[in-house]
Amino acid sequence: MSLERINPEGLSPATGFSHAVTATGGRLVFLAGQTALDGSGKVVGATLPEQFERALANLLTALAVAGGTPADLARVTVYAVDVAAYREHAAELGRIWRRLAGREYPAMAVVGVVRLWDTQAQLELDGFAVLP
């Protein structure tokens, strides 16, 4: 299995995401939406960065149990209740991503939503990965 990250010249610089990711061979893993839920089902973290860290850790835990690593992520979508706050914290969220998932970025999108299933959740991440 191989993933190729494509960032064409002429498009805006890909900072914290890749414009396209191709996958060859392998097994697809579809990752359900993850918020900042702890093991007891309660949302933890008062700030957006705290919730992002927990949600990303939850997503990566599900991926690891499926046999994957962060480098296998082909696509991640972030659903944010407050996109302006997400942008405001973008540098810190990038540091959290690099610490937990590394410097290889999947194709990504941030989508503004009115609310999430858990009303205390500020964001949710889902995605898919391609495993060897």
# chains A, B, ... in the order shown; residues from 1 in each chain; ligands from 1

$ residues_around --residues "Ala66 in chain A" --least-positions-apart "6" --cutoff "10 Å" --atoms "only C-alpha atoms" --output "PyMOL selection string"
chain A and resi 29-31+60+129+131

$ residues_around --residues "range 92-97 of chain A" --least-positions-apart "2" --cutoff "7 Å" --atoms "only C-alpha atoms" --output "JSON, numbers by chain"
{"A": [16, 49, 53, 89, 90, 99, 100, 101, 102]}

$ select_by_dssp --residues "range 2-132 of chain A" --states "helix (DSSP H, G or I)" --output "PyMOL selection string"
chain A and resi 48-65+70-72+83-88+90-101

$ select_by_dssp --residues "range 19-52 of chain A" --states "strand (DSSP E)" --output "list in words"
Ala20, Val21, Thr22, Ala23, Thr24, Arg27, Leu28, Val29, Phe30, Leu31, Ala32, Gly33 and Gln34 of chain A

$ closest_residue --among "A:Ile6, A:Ala71, A:Ala55, A:Leu28" --to "Glu104 in chain A" --atoms "only C-alpha atoms"
A:Ala71

$ closest_residue --among "A:Arg54, A:Val21, A:Gly67, A:Val83" --to "Leu37 in chain A" --atoms "only C-alpha atoms"
A:Arg54

$ atom_distance --atom1 "CA of Gly39 in chain A" --atom2 "CA of Thr77 in chain A"
22.5 Å

$ atom_distance --atom1 "CA of Ala32 in chain A" --atom2 "CA of Ala20 in chain A"
20.9 Å

$ atom_distance --atom1 "CA of Pro132 in chain A" --atom2 "CA of Gly25 in chain A"
7.0 Å

$ closest_residue --among "A:Ser12, A:Arg98, A:Val114, A:Val44" --to "Pro70 in chain A" --atoms "only C-alpha atoms"
A:Arg98
